[in-house]
Every structure is written in structure tokens, then in C-alpha cells.
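Everything below belongs to run23.txt, which stores compact mmCIF, C-alpha atoms.
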```
# COMPACT_ATOMS: atom_id res chain seq x y z
CA MET A 134 75.12 -27.27 109.07
CA SER A 135 73.81 -29.49 111.86
CA ASP A 136 76.04 -32.42 112.91
CA ALA A 137 73.20 -34.86 112.36
CA VAL A 138 72.86 -33.88 108.70
CA LYS A 139 76.65 -33.90 108.20
CA ASN A 140 77.12 -37.41 109.63
CA VAL A 141 77.85 -39.19 106.35
CA LYS A 142 78.66 -42.47 108.11
CA LEU A 143 75.15 -42.54 109.59
CA HIS A 144 73.46 -41.96 106.23
CA LEU A 145 75.63 -44.47 104.35
CA ILE A 146 74.96 -47.20 106.90
CA VAL A 147 71.23 -46.43 106.77
CA LEU A 148 71.40 -46.73 102.97
CA GLY A 149 73.06 -50.13 103.39
CA MET A 150 70.32 -51.19 105.84
CA ILE A 151 67.62 -50.12 103.37
CA VAL A 152 69.18 -52.10 100.52
CA ALA A 153 69.51 -55.18 102.74
CA ALA A 154 65.93 -54.84 104.01
CA GLU A 155 64.48 -54.40 100.51
CA LEU A 156 66.48 -57.39 99.25
CA ILE A 157 64.80 -59.59 101.89
CA GLY A 158 61.45 -58.19 100.71
CA ILE A 159 57.88 -58.74 101.93
CA ILE A 160 57.14 -62.05 103.64
CA ALA A 161 53.50 -62.98 104.38
CA PHE A 162 52.15 -65.88 106.47
CA LYS A 163 48.51 -66.85 106.41
CA VAL A 164 47.24 -67.07 109.99
CA GLY A 165 43.54 -67.87 110.46
CA PRO A 166 41.36 -65.21 108.85
CA GLY A 167 44.16 -62.65 108.56
CA LYS A 168 47.71 -62.49 107.38
CA LEU A 169 50.87 -61.90 109.33
CA VAL A 170 52.93 -59.65 107.11
CA LEU A 171 56.62 -58.86 107.58
CA LEU A 172 57.70 -55.72 105.74
CA PRO A 173 61.19 -54.40 104.88
CA MET A 174 60.64 -51.57 107.36
CA PHE A 175 60.68 -54.06 110.25
CA TYR A 176 63.98 -55.55 109.16
CA ALA A 177 65.42 -52.05 108.82
CA MET A 178 64.21 -51.22 112.32
CA PHE A 179 65.71 -54.35 113.87
CA MET A 180 69.00 -53.74 112.10
CA GLY A 181 68.92 -50.21 113.49
CA ILE A 182 68.33 -51.39 117.05
CA PHE A 183 71.33 -53.73 116.83
CA MET A 184 73.66 -50.93 115.66
CA GLY A 185 73.69 -49.38 119.12
CA PRO A 186 76.40 -49.45 121.81
CA LYS A 187 74.64 -52.33 123.61
CA PHE A 188 75.13 -54.65 120.63
CA THR A 189 77.44 -54.12 117.65
CA LYS A 190 78.66 -50.67 118.79
CA ILE A 191 78.52 -49.31 115.22
CA PHE A 192 76.83 -46.15 116.52
CA ASN A 193 77.50 -44.35 119.78
CA GLU A 194 75.01 -42.50 122.00
CA LYS A 195 75.56 -39.22 120.17
CA GLU A 196 74.81 -40.74 116.78
CA MET A 197 71.67 -42.37 118.14
CA THR A 198 70.47 -38.97 119.32
CA GLN A 199 71.27 -37.53 115.90
CA ALA A 200 69.19 -40.27 114.24
CA SER A 201 66.26 -39.46 116.51
CA THR A 202 66.31 -35.78 115.53
CA LEU A 203 66.06 -36.83 111.87
CA VAL A 204 63.17 -39.32 112.11
CA GLY A 205 60.54 -36.59 112.05
CA LEU A 206 61.82 -35.28 108.72
CA THR A 207 61.97 -38.71 107.08
CA LEU A 208 58.28 -39.05 107.90
CA LEU A 209 57.42 -35.96 105.87
CA LEU A 210 58.13 -37.62 102.51
CA LEU A 211 55.72 -40.40 103.40
CA MET A 212 53.12 -37.84 104.46
CA ALA A 213 53.44 -36.10 101.10
CA ARG A 214 52.78 -39.44 99.41
CA TYR A 215 49.84 -39.99 101.75
CA GLY A 216 48.25 -36.72 100.66
CA THR A 217 48.56 -37.69 97.01
CA LEU A 218 46.74 -40.97 97.74
CA VAL A 219 43.73 -39.05 99.02
CA GLY A 220 43.32 -36.30 96.41
CA PRO A 221 42.29 -38.52 93.49
CA LYS A 222 39.46 -40.08 95.57
CA PHE A 223 38.14 -36.84 97.01
CA ASN A 224 34.88 -36.70 95.02
CA GLU A 225 33.90 -40.27 95.86
CA ILE A 226 34.34 -39.51 99.53
CA LEU A 227 32.12 -36.45 99.40
CA LYS A 228 29.36 -38.65 98.02
CA ALA A 229 29.78 -41.29 100.71
CA GLY A 230 27.38 -39.77 103.21
CA PRO A 231 26.84 -38.81 106.84
CA ALA A 232 27.33 -42.26 108.40
CA LEU A 233 30.78 -42.44 106.92
CA ILE A 234 31.71 -39.01 108.22
CA LEU A 235 30.18 -39.30 111.68
CA GLN A 236 31.76 -42.69 112.41
CA GLU A 237 35.14 -40.99 112.16
CA PHE A 238 34.46 -39.52 115.59
CA GLY A 239 34.55 -43.07 116.95
CA ASN A 240 38.32 -42.81 116.60
CA ILE A 241 38.40 -40.53 119.64
CA ALA A 242 37.39 -43.55 121.72
CA THR A 243 41.05 -44.59 121.73
CA ALA A 244 41.81 -41.64 124.01
CA ILE A 245 38.81 -42.17 126.29
CA VAL A 246 39.55 -45.87 126.78
CA GLY A 247 43.29 -45.89 126.25
CA VAL A 248 44.54 -43.00 128.39
CA PRO A 249 42.90 -44.20 131.65
CA LEU A 250 44.07 -47.75 130.94
CA ALA A 251 47.63 -46.62 130.24
CA ILE A 252 47.73 -44.59 133.45
CA TYR A 253 46.26 -47.50 135.39
CA LEU A 254 49.07 -49.68 134.04
CA GLY A 255 51.59 -47.15 135.31
CA LEU A 256 52.59 -45.37 132.12
CA LYS A 257 53.30 -41.65 132.42
CA ARG A 258 53.32 -39.27 129.46
CA GLU A 259 53.79 -42.30 127.17
CA SER A 260 50.00 -42.66 127.66
CA ILE A 261 49.32 -39.60 125.52
CA GLY A 262 51.35 -40.77 122.56
CA ALA A 263 50.14 -44.34 122.90
CA ALA A 264 46.41 -43.74 123.25
CA HIS A 265 45.53 -40.47 121.51
CA SER A 266 44.93 -42.36 118.27
CA ILE A 267 45.49 -45.73 116.66
CA ALA A 268 49.04 -44.50 115.94
CA ARG A 269 49.32 -44.83 112.20
CA GLU A 270 51.92 -42.90 110.20
CA PRO A 271 50.23 -39.44 110.27
CA ASN A 272 49.75 -39.67 114.04
CA VAL A 273 53.36 -40.71 114.53
CA ALA A 274 54.46 -37.78 112.39
CA LEU A 275 52.27 -35.41 114.39
CA ILE A 276 53.59 -36.58 117.77
CA GLY A 277 57.11 -36.41 116.37
CA ASP A 278 56.52 -32.86 115.30
CA ILE A 279 54.99 -31.69 118.59
CA TYR A 280 56.93 -33.65 121.23
CA GLY A 281 59.79 -35.27 119.31
CA LEU A 282 59.98 -39.02 118.86
CA ASP A 283 62.66 -39.28 121.55
CA SER A 284 60.24 -37.93 124.19
CA ALA A 285 58.00 -40.04 126.43
CA GLU A 286 55.04 -39.25 124.15
CA GLY A 287 57.16 -40.29 121.17
CA ARG A 288 58.05 -43.64 122.78
CA GLY A 289 54.35 -44.24 123.43
CA VAL A 290 53.25 -43.54 119.89
CA MET A 291 56.13 -45.58 118.41
CA GLY A 292 55.29 -48.51 120.69
CA VAL A 293 51.66 -48.64 119.55
CA TYR A 294 52.72 -47.98 115.96
CA ILE A 295 55.06 -50.95 116.04
CA CYS A 296 52.50 -53.24 117.73
CA GLY A 297 49.88 -52.14 115.20
CA THR A 298 52.20 -52.76 112.29
CA VAL A 299 53.23 -56.19 113.53
CA PHE A 300 49.94 -57.55 114.89
CA GLY A 301 47.38 -55.03 113.60
CA THR A 302 46.51 -56.84 110.40
CA ILE A 303 45.87 -60.17 112.04
CA PHE A 304 44.09 -58.51 114.96
CA PHE A 305 41.71 -56.55 112.73
CA GLY A 306 41.01 -59.68 110.69
CA LEU A 307 40.11 -61.65 113.83
CA MET A 308 38.11 -58.81 115.36
CA ALA A 309 36.00 -58.44 112.18
CA SER A 310 35.41 -62.20 111.98
CA PHE A 311 34.34 -62.28 115.61
CA MET A 312 31.96 -59.31 115.33
CA ALA A 313 30.47 -60.65 112.10
CA ALA A 314 29.98 -64.10 113.61
CA TYR A 315 28.06 -62.72 116.59
CA HIS A 316 25.92 -60.24 114.60
CA ILE A 317 26.74 -57.46 117.03
CA PHE A 318 26.75 -54.83 114.28
CA HIS A 319 25.48 -54.62 110.71
CA PRO A 320 28.27 -55.53 108.24
CA TYR A 321 28.04 -52.05 106.67
CA ALA A 322 28.70 -50.45 110.04
CA LEU A 323 31.67 -52.76 110.55
CA ALA A 324 32.92 -51.99 107.04
CA MET A 325 32.89 -48.28 107.79
CA ALA A 326 34.66 -48.89 111.09
CA SER A 327 37.41 -50.81 109.28
CA GLY A 328 38.98 -47.69 107.85
CA VAL A 329 41.25 -46.46 110.58
CA GLY A 330 43.92 -45.04 108.31
CA SER A 331 45.85 -48.25 107.71
CA ALA A 332 45.44 -49.96 104.36
CA SER A 333 46.55 -53.32 105.73
CA MET A 334 44.26 -53.27 108.78
CA MET A 335 41.34 -52.16 106.61
CA THR A 336 42.09 -54.87 104.06
CA ALA A 337 42.19 -57.56 106.75
CA SER A 338 38.90 -56.44 108.28
CA ILE A 339 37.14 -56.05 104.91
CA GLY A 340 38.49 -59.42 103.82
CA SER A 341 36.97 -61.13 106.86
CA LEU A 342 33.64 -59.31 106.45
CA SER A 343 33.42 -60.08 102.73
CA ALA A 344 34.01 -63.75 103.47
CA ALA A 345 31.27 -63.71 106.11
CA TYR A 346 28.75 -61.83 103.89
CA PRO A 347 29.61 -62.68 100.27
CA GLU A 348 26.31 -61.22 98.97
CA LEU A 349 27.20 -57.79 100.45
CA ALA A 350 30.90 -57.92 99.58
CA GLU A 351 30.94 -55.13 96.98
CA ASN A 352 29.36 -52.55 99.25
CA ILE A 353 31.44 -53.67 102.20
CA GLN A 354 34.62 -53.06 100.20
CA ALA A 355 33.48 -49.67 98.92
CA PHE A 356 32.59 -48.48 102.42
CA GLY A 357 35.87 -49.78 103.83
CA VAL A 358 38.03 -48.03 101.27
CA ALA A 359 36.07 -44.76 101.52
CA SER A 360 36.28 -44.79 105.31
CA ASN A 361 39.99 -45.53 105.22
CA THR A 362 40.59 -42.70 102.78
CA LEU A 363 38.51 -40.41 104.95
CA SER A 364 40.63 -41.34 107.97
CA GLY A 365 43.63 -40.54 105.81
CA ILE A 366 42.33 -37.02 105.30
CA ASP A 367 40.94 -36.24 108.72
CA GLY A 368 43.16 -38.45 110.90
CA VAL A 369 45.82 -35.84 111.49
CA TYR A 370 43.32 -32.98 111.97
CA MET A 371 41.22 -35.11 114.32
CA SER A 372 44.33 -35.87 116.38
CA LEU A 373 45.52 -32.28 116.55
CA ILE A 374 42.16 -30.61 117.20
CA LEU A 375 40.29 -33.20 119.29
CA ALA A 376 42.12 -36.35 120.34
CA LEU A 377 45.36 -34.80 121.53
CA PRO A 378 43.75 -32.06 123.68
CA ILE A 379 41.30 -34.63 125.12
CA SER A 380 44.18 -36.98 125.92
CA ASN A 381 46.14 -34.21 127.60
CA LYS A 382 43.16 -33.10 129.72
CA LEU A 383 42.33 -36.66 130.71
CA TYR A 384 45.96 -37.31 131.54
CA THR A 385 46.32 -34.25 133.78
CA TYR A 386 43.06 -35.09 135.58
CA LEU A 387 43.79 -38.79 136.08
CA TYR A 388 47.41 -38.15 137.03
CA LYS A 389 46.23 -35.97 139.91
CA LEU A 390 43.69 -38.60 140.90
CA LYS A 391 46.21 -41.43 140.95
CA TYR A 392 49.36 -39.79 142.28
CA LYS A 393 47.62 -37.11 144.43
CA THR A 394 49.88 -34.48 142.95
CA SER A 395 50.05 -32.63 139.66
CA GLU A 396 52.76 -33.65 137.25
CA GLY A 397 54.79 -30.48 137.67
CA ASN A 398 55.35 -31.14 141.38
CA VAL A 399 57.05 -34.50 140.95
CA MET H 340 64.02 -32.02 119.65
CA THR H 341 66.51 -29.66 118.10
CA LYS H 342 64.86 -28.22 115.02
CA LEU H 343 66.81 -28.06 111.79
CA ASN H 344 66.60 -24.93 109.67
CA LEU H 345 65.09 -24.95 106.19
CA ILE H 346 68.39 -25.53 104.34
CA GLU H 347 69.43 -28.37 106.67
CA SER H 348 65.98 -29.92 106.34
CA PHE H 349 66.21 -29.68 102.57
CA VAL H 350 69.67 -31.25 102.40
CA PHE H 351 68.57 -34.12 104.61
CA LEU H 352 65.34 -34.64 102.64
CA VAL H 353 67.45 -34.92 99.48
CA PHE H 354 69.52 -37.68 101.17
CA VAL H 355 66.35 -39.54 102.15
CA SER H 356 64.94 -39.11 98.65
CA VAL H 357 68.05 -40.74 97.19
CA MET H 358 67.78 -43.61 99.71
CA THR H 359 64.10 -44.03 98.83
CA LEU H 360 64.92 -44.15 95.12
CA VAL H 361 67.47 -46.90 95.79
CA GLY H 362 65.02 -48.85 98.00
CA ASN H 363 62.30 -48.34 95.39
CA LEU H 364 64.59 -49.92 92.79
CA VAL H 365 65.81 -52.84 94.91
CA GLY H 366 62.49 -53.72 96.55
CA PHE H 367 59.90 -52.74 93.97
CA HIS H 368 61.82 -52.71 90.67
CA ASN H 369 60.88 -49.12 89.79
CA GLY H 370 63.80 -47.64 87.83
CA ILE H 371 65.61 -44.71 89.42
CA ILE H 372 65.30 -42.39 86.39
CA GLU H 373 61.56 -43.03 85.93
CA SER H 374 60.92 -42.47 89.66
CA ILE H 375 62.81 -39.16 89.90
CA PRO H 376 59.93 -36.87 88.79
CA GLY H 377 57.58 -38.33 91.44
CA MET H 378 60.27 -38.13 94.11
CA LEU H 379 60.87 -34.47 93.21
CA VAL H 380 57.16 -33.74 93.63
CA LEU H 381 57.21 -35.31 97.12
CA LEU H 382 60.39 -33.42 97.99
CA LEU H 383 58.84 -30.10 96.92
CA LEU H 384 55.69 -30.81 98.95
CA CYS H 385 57.86 -31.39 102.03
CA VAL H 386 59.92 -28.24 101.48
CA ALA H 387 56.72 -26.21 100.99
CA GLY H 388 55.26 -27.72 104.18
CA VAL H 389 58.38 -27.07 106.25
CA ALA H 390 58.67 -23.52 104.88
CA THR H 391 55.02 -22.78 105.73
CA ASN H 392 55.65 -23.96 109.28
CA LYS H 393 58.90 -21.99 109.62
CA PHE H 394 57.79 -18.70 108.09
CA ILE H 395 53.99 -18.40 108.18
CA PHE H 396 52.14 -20.60 110.68
CA LYS H 397 54.78 -21.41 113.28
CA LYS H 398 52.34 -23.03 115.72
CA ILE H 399 50.92 -25.55 113.26
CA PRO H 400 53.03 -28.69 112.63
CA SER H 401 54.54 -29.02 109.14
CA VAL H 402 52.99 -32.50 108.76
CA LEU H 403 49.60 -30.88 108.41
CA PHE H 404 50.73 -28.66 105.54
CA VAL H 405 52.58 -31.45 103.76
CA ILE H 406 49.48 -33.69 103.76
CA THR H 407 47.17 -30.84 102.79
CA TYR H 408 49.38 -29.72 99.90
CA GLY H 409 49.60 -33.34 98.75
CA VAL H 410 45.81 -33.64 98.73
CA ILE H 411 45.41 -30.34 96.85
CA ILE H 412 47.86 -31.04 94.02
CA SER H 413 46.40 -34.51 93.46
CA LEU H 414 42.75 -33.39 93.33
CA PRO H 415 41.27 -34.25 89.92
CA ALA H 416 40.43 -30.56 89.36
CA PHE H 417 44.00 -29.38 89.99
CA PRO H 418 46.04 -28.56 86.85
CA TYR H 419 48.27 -31.45 85.71
CA SER H 420 47.04 -33.64 88.57
CA ALA H 421 46.83 -36.69 86.28
CA GLU H 422 50.51 -36.30 85.33
CA VAL H 423 51.52 -35.63 88.94
CA ASN H 424 49.60 -38.66 90.21
CA ALA H 425 51.17 -40.89 87.56
CA ALA H 426 54.66 -39.65 88.48
CA VAL H 427 54.13 -40.05 92.22
CA ALA H 428 52.69 -43.55 91.73
CA LYS H 429 56.19 -44.67 90.66
CA VAL H 430 57.40 -44.13 94.21
CA ASN H 431 56.09 -47.14 96.14
CA PHE H 432 54.40 -46.31 99.42
CA LEU H 433 56.36 -48.98 101.28
CA ALA H 434 59.71 -47.82 99.86
CA LEU H 435 59.10 -44.57 101.76
CA THR H 436 58.54 -46.38 105.07
CA THR H 437 61.88 -48.26 105.14
CA PRO H 438 64.20 -45.24 105.67
CA ILE H 439 61.91 -43.98 108.45
CA LEU H 440 62.12 -47.18 110.44
CA ALA H 441 65.86 -47.47 109.75
CA TYR H 442 66.51 -44.12 111.45
CA ALA H 443 63.85 -44.86 114.08
CA GLY H 444 65.52 -48.21 114.83
CA ILE H 445 68.87 -46.55 115.45
CA ALA H 446 67.15 -43.95 117.64
CA ILE H 447 65.23 -46.63 119.58
CA GLY H 448 68.50 -48.31 120.57
CA LYS H 449 68.97 -45.35 122.88
CA ASP H 450 65.64 -45.96 124.64
CA LEU H 451 65.81 -49.73 124.74
CA ALA H 452 65.89 -49.83 128.53
CA SER H 453 62.77 -47.71 128.87
CA PHE H 454 61.10 -49.72 126.09
CA LYS H 455 61.74 -52.89 128.06
CA LYS H 456 60.16 -51.28 131.10
CA THR H 457 57.02 -50.10 129.27
CA GLY H 458 56.93 -52.87 126.63
CA TRP H 459 54.13 -55.18 127.83
CA ARG H 460 52.02 -52.22 128.94
CA ILE H 461 52.23 -50.71 125.48
CA VAL H 462 51.12 -54.02 123.98
CA VAL H 463 48.04 -54.07 126.27
CA VAL H 464 47.26 -50.43 125.43
CA SER H 465 47.63 -51.18 121.68
CA ILE H 466 45.06 -53.97 121.87
CA PHE H 467 42.53 -51.76 123.65
CA VAL H 468 43.22 -48.87 121.28
CA MET H 469 42.42 -51.08 118.30
CA ILE H 470 39.25 -52.54 119.86
CA SER H 471 37.94 -49.16 121.06
CA THR H 472 38.27 -47.33 117.74
CA TYR H 473 36.67 -50.25 115.88
CA VAL H 474 33.73 -50.72 118.23
CA ALA H 475 33.03 -47.00 118.70
CA SER H 476 33.14 -46.29 114.95
CA ALA H 477 30.91 -49.29 114.22
CA ALA H 478 28.40 -48.19 116.89
CA ILE H 479 28.18 -44.67 115.46
CA ALA H 480 27.89 -45.94 111.87
CA GLN H 481 25.20 -48.41 112.99
CA ALA H 482 23.18 -45.68 114.72
CA VAL H 483 23.40 -43.26 111.77
CA LEU H 484 22.57 -45.93 109.18
CA LYS H 485 19.56 -47.04 111.30
CA TYR H 486 18.41 -43.44 111.68
CA MET H 487 18.71 -42.81 107.94
CA GLY H 488 16.83 -46.06 107.27
CA ASP H 489 19.69 -47.53 105.22
CA ILE H 490 19.82 -50.79 107.15
```
Structure translated into C-alpha cells:
Amino acid sequence: MSDAVKNVKLHLIVLGMIVAAELIGIIAFKVGPGKLVLLPMFYAMFMGIFMGPKFTKIFNEKEMTQASTLVGLTLLLLMARYGTLVGPKFNEILKAGPALILQEFGNIATAIVGVPLAIYLGLKRESIGAAHSIAREPNVALIGDIYGLDSAEGRGVMGVYICGTVFGTIFFGLMASFMAAYHIFHPYALAMASGVGSASMMTASIGSLSAAYPELAENIQAFGVASNTLSGIDGVYMSLILALPISNKLYTYLYKLKYKTSEGNV
Amino acid sequence: MTKLNLIESFVFLVFVSVMTLVGNLVGFHNGIIESIPGMLVLLLLCVAGVATNKFIFKKIPSVLFVITYGVIISLPAFPYSAEVNAAVAKVNFLALTTPILAYAGIAIGKDLASFKKTGWRIVVVSIFVMISTYVASAAIAQAVLKYMGDI
């Protein structure tokens, strides 16, 4: 049996952290058009960070490495739950039409915009994890599975995941309000774009749009939920088949361009 | 990443299931006994996904199988899907996220120095990632809806 699985101290302390985090519970602040939401998972994460040798010294380096080998597996239970959220709505999604399906390809834009930006800012292989997708749970699980969450790619995807979880809701709320206010896109198009695979981001965006166009609110909400569910289904396939290979190609090409050498020669 | 074998994965998934049941009780007031059937379904989906990856399609990540199996068993046409969906609904989505971030937090401690170094860059990338997916999806939806004459 692997040492990581056998480390009872690790699991018991994690259990304690979970109980503490759940006891604090969900705290929400209303900020402008969106909401800043603090979830038990954040508290658990911060407690985890402070368990290390730099702070309380409850865990040593070896135990931290053990924890990182286990993260990928913990994600699987959530992914199973994710699948069961999608199944019941499958028929509604089939009916939802070509616009809904084709707009999903817009999600690849994260790689085309994000990878060059990340490399320009000086990130290395973190760029791939960070920019291949909007880094919601299925994407994190996928990167964890392929590269490991303790790799550079893993740090990238976790970084964007954490930013998205902390600021994503408020950011999507503001972005939707802004786009609606300037009539850049039709509200239905914005509603479909809201579903990026995160229920809270989608809710914030749909909330802002519904407030801006009360007479269209029902359709806006239906499109938002359908698009989000669709992202739930295709998000992980899209990442594996399209976004991740595109990110890797872009990375290799731009790396050569910037550092005048291919990555292997460093 | 050192890969665990199927038995080790199973044992660890049982630990996490127990933690989730406790978190589900404390945070969301779903009783442990009433949540066990749903948790077992999730556990079986994971084991099936990991086994498929270990024994059949070694190149394809287990995540993909776990999600796909989850979708299949919850489809309205699948036998007993109503019962399965009702059981799984007892396990709160957020209760499943807490153990993940607890382990991830401990693991992050190890990379804190490199996080500090990349931190602000990741924040900038995050913002552009969110804007680009939103604008690109909206542009495509707009074009298709216009073309179809829906708007």
C-alpha cells in the first residue's frame, strides 16, 4: 500500500479541516451587480497552506508531496457528481440548437489569447495549464490526470482555478453588465456565452443580463443554463481534443520565438 | 505523479467518501445514512472510471470515463435513473469540493515560493482567459443567431 494512502495522520487532519470549514459555512457579500462568495473549500485550502513547514510545521515536505499525489483522485468523486448533473438535462440540450453548440468553440479563445499573454509575461509551462481553458473543475481534473497537479502545468491550472473561484463570480457579473450596457452583443448571445462550466459564474452573468433586459429574462436564463450544462458535457472533451493540443503547439512555437531555443535545450 | 494502483485508489476514495459524508452533514445537514446510497453510486463511478483507464484505455484519462459514466447512468432513459438521481442529489456538490481543496492546500504549501513568483501573472492571465471565452462565445452565438434569423 502506498505511503500516501497509509498516512492516517494526514487524512485525520484533513477531516478536521473539512469539519472546521463546513462549520464556518458559506459567506456571501453583495458587491455591485455580482456577489463575492466565500465557500468552505477556500477555508479548507487556506488551512492546508498553513499546515506546511513554513508556518505551523504540522506537515513536512514528504507529507505535502503525498497530499499532492492524492488531489487528482479526490477530484474524481466530484467529476462523477458532475456527470450526474448533466444526464437528466440531456434531452433539453439536444433541442437547444446550433447557436448553442457552435458557441462552445468560443472557449478555445482562452488558449489563443491566454497562451501568448502568459508567455509574454514570462510564464513557462504554467501557461498551458493556466490558459488552455477557463480552468473549472473538469479542466483541473484533466490537467491533474495528464501532468499531475504538482507540475508546472498543474500550478498554472490551479492558479487560474483559484482566481476564477474567488473573483470569477463578481467578474462575470460586471462583464455581463458592461456588455449589456453598451449593446455590443444581443442579450441571447451573451446568455449563451455565460455558460462556461461554472454554475456561479453563469448565475452572476445571467443575473446581470436579466436585470438589464427584464422582458427577455426567461429566455436568457434558459439559454444560460443550457449552455452551462453543455459546457459541463463537452468541456473536458474540448480541452483534451482541441484546447490542450492547440495550447501545446502555440507554446512550443512561441517559446522558440521568444527564447530563440526549443524548450528541450534549456 | 506516482500513480496509485486500483486497490490503493479504491481505499483512498473510500476515505474521501467518508470525509465528504461528514462534510455533507456538518455543512449541508444531509444525514449520513440517507446520503450513503448516493455516495456509493459516486464511488462506483470513480472505480469504474479508474479501472477503465488502468485496464482498457490506458491513454485516455480516467476523468473522461468518470464523467461519461455519470452522464450515462443519469440519463432519463437509463434504468433506475430517477432513483439514482434522487440518491446522488443527497450529496451536495459543494461538500465534494471541500476535501479536494483541503488536500490541494496542503500540496500548495510545497509550491508557495513558485506561486509567489508567478502569482500576479496568473491573476492577469485569469482575467484575460475569462474575457476571451466570454467575448468569443458571444460573437459566435451572435453570428449564428443572426444567420438563422433568430435575432
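Between CA of Ala480 in chain H and CA of Leu383 in chain A the separation is 25.5 Å.
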Practice prompt. Between CA of Gly262 in chain A and CA of Gly247 in chain A, measure the distance and give it in Å to one decimal.
Written response: 10.2 Å
Worksheet item: In Å, with one decimal, what is the gap from CA of Ile447 in chain H to CA of Ile374 in chain A?
Response: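 Here the two named atoms are 28.2 Å from each other.
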Fill in: Residue contacts of Ile412 in chain H (10 Å, only C-alpha atoms) excluding same-chain residues fewer than 2 positions away, as JSON, numbers by chain
{"A": [216, 217, 220, 221], "H": [380, 384, 407, 408, 409, 410, 414, 415, 416, 417, 418, 419, 420, 421, 423, 424]}
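Of the listed residues (H:Thr436, H:Thr391, H:Ser401, H:Ser413), H:Thr436 comes nearest to Met358 in chain H; the distances count all atoms listed in the file.
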Discussion item. I want to know what sits within 9 Å of Gly370 in chain H, based on all atoms listed in the file, with residues of the same chain fewer than 6 positions away left out; could you give that as JSON, numbers by chain?
Written reply: {"H": [360, 361, 363, 364, 429]}
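Among A:Thr189, A:Thr243, A:Ser364, A:Asn272, the residue with the shortest atom-to-atom distance to Ile466 in chain H, counting all atoms listed in the file, is A:Thr243.
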Worksheet item: Taking (46.2, -34.7, 135.0) in the file's coordinates as the center, which residues reach within 12 Å of it, counting all atoms listed in the file, put as a ChimeraX atom specification?
Response: /A:248-249,252,257-258,260-261,378-398
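Compared by their closest atoms to chain H, and using all atoms listed in the file, the residues A:Asn352, A:Thr207, A:Asn193, A:Thr302 rank with A:Thr207 nearest.
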Practice prompt. Find the residues near Gly377 in chain H: any atom within 10 Å, counting all atoms listed in the file, skip ones fewer than 5 places away on the same chain, and give them as an NGL selection string.
Written response: (:A and (214)) or (:H and (382-383 or 422-430))
For Leu352 in chain H, work out the shell of residues within 10 Å, counting all atoms listed in the file and skipping chain neighbours fewer than 3 positions away, then give it as a PDB file with C-alpha atoms, in the coordinates of the input.
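Produced file around-v1.pdb, reproduced below:
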```pdb
ATOM      1  CA  VAL A 138      72.860 -33.880 108.700  1.00  0.00           C
ATOM      2  CA  LEU A 203      66.060 -36.830 111.870  1.00  0.00           C
ATOM      3  CA  LEU A 206      61.820 -35.280 108.720  1.00  0.00           C
ATOM      4  CA  THR A 207      61.970 -38.710 107.080  1.00  0.00           C
ATOM      5  CA  LEU A 208      58.280 -39.050 107.900  1.00  0.00           C
ATOM      6  CA  LEU A 209      57.420 -35.960 105.870  1.00  0.00           C
ATOM      7  CA  LEU A 210      58.130 -37.620 102.510  1.00  0.00           C
TER       8      LEU A 210
ATOM      9  CA  ILE H 346      68.390 -25.530 104.340  1.00  0.00           C
ATOM     10  CA  GLU H 347      69.430 -28.370 106.670  1.00  0.00           C
ATOM     11  CA  SER H 348      65.980 -29.920 106.340  1.00  0.00           C
ATOM     12  CA  PHE H 349      66.210 -29.680 102.570  1.00  0.00           C
ATOM     13  CA  VAL H 355      66.350 -39.540 102.150  1.00  0.00           C
ATOM     14  CA  SER H 356      64.940 -39.110  98.650  1.00  0.00           C
ATOM     15  CA  VAL H 357      68.050 -40.740  97.190  1.00  0.00           C
ATOM     16  CA  MET H 358      67.780 -43.610  99.710  1.00  0.00           C
ATOM     17  CA  LEU H 381      57.210 -35.310  97.120  1.00  0.00           C
ATOM     18  CA  LEU H 382      60.390 -33.420  97.990  1.00  0.00           C
ATOM     19  CA  LEU H 383      58.840 -30.100  96.920  1.00  0.00           C
ATOM     20  CA  CYS H 385      57.860 -31.390 102.030  1.00  0.00           C
ATOM     21  CA  VAL H 386      59.920 -28.240 101.480  1.00  0.00           C
TER      22      VAL H 386
END
```
Practice prompt. Would you list the residues near (43.2, -28.8, 114.7), meaning any protein, DNA or RNA residue with an atom at most 12 Å from that point in file coordinates, counting only C-alpha atoms, as a PyMOL selection string?
Written response: (chain A and resi 275+367-378) or (chain H and resi 398-400+403-404)
Worksheet item: Which one of A:Met291, A:Ile157, A:Ala322, A:Leu145 sits closest to chain H if you count only C-alpha atoms?
Response: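 Closest residue, counting only C-alpha atoms: A:Ala322.
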Worksheet, complete the sentence: Residue with the minimum atom-to-atom distance to Met178 in chain A, picked from A:Ala309, A:Ala137, A:Ala213, A:Val204 with all atoms listed in the file counted, is A:Val204
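For the set A:Gly340, A:Gly158, A:Gly365, A:Gly287, the residue with the smallest atom-to-atom gap to chain H is A:Gly158, counting all atoms listed in the file.
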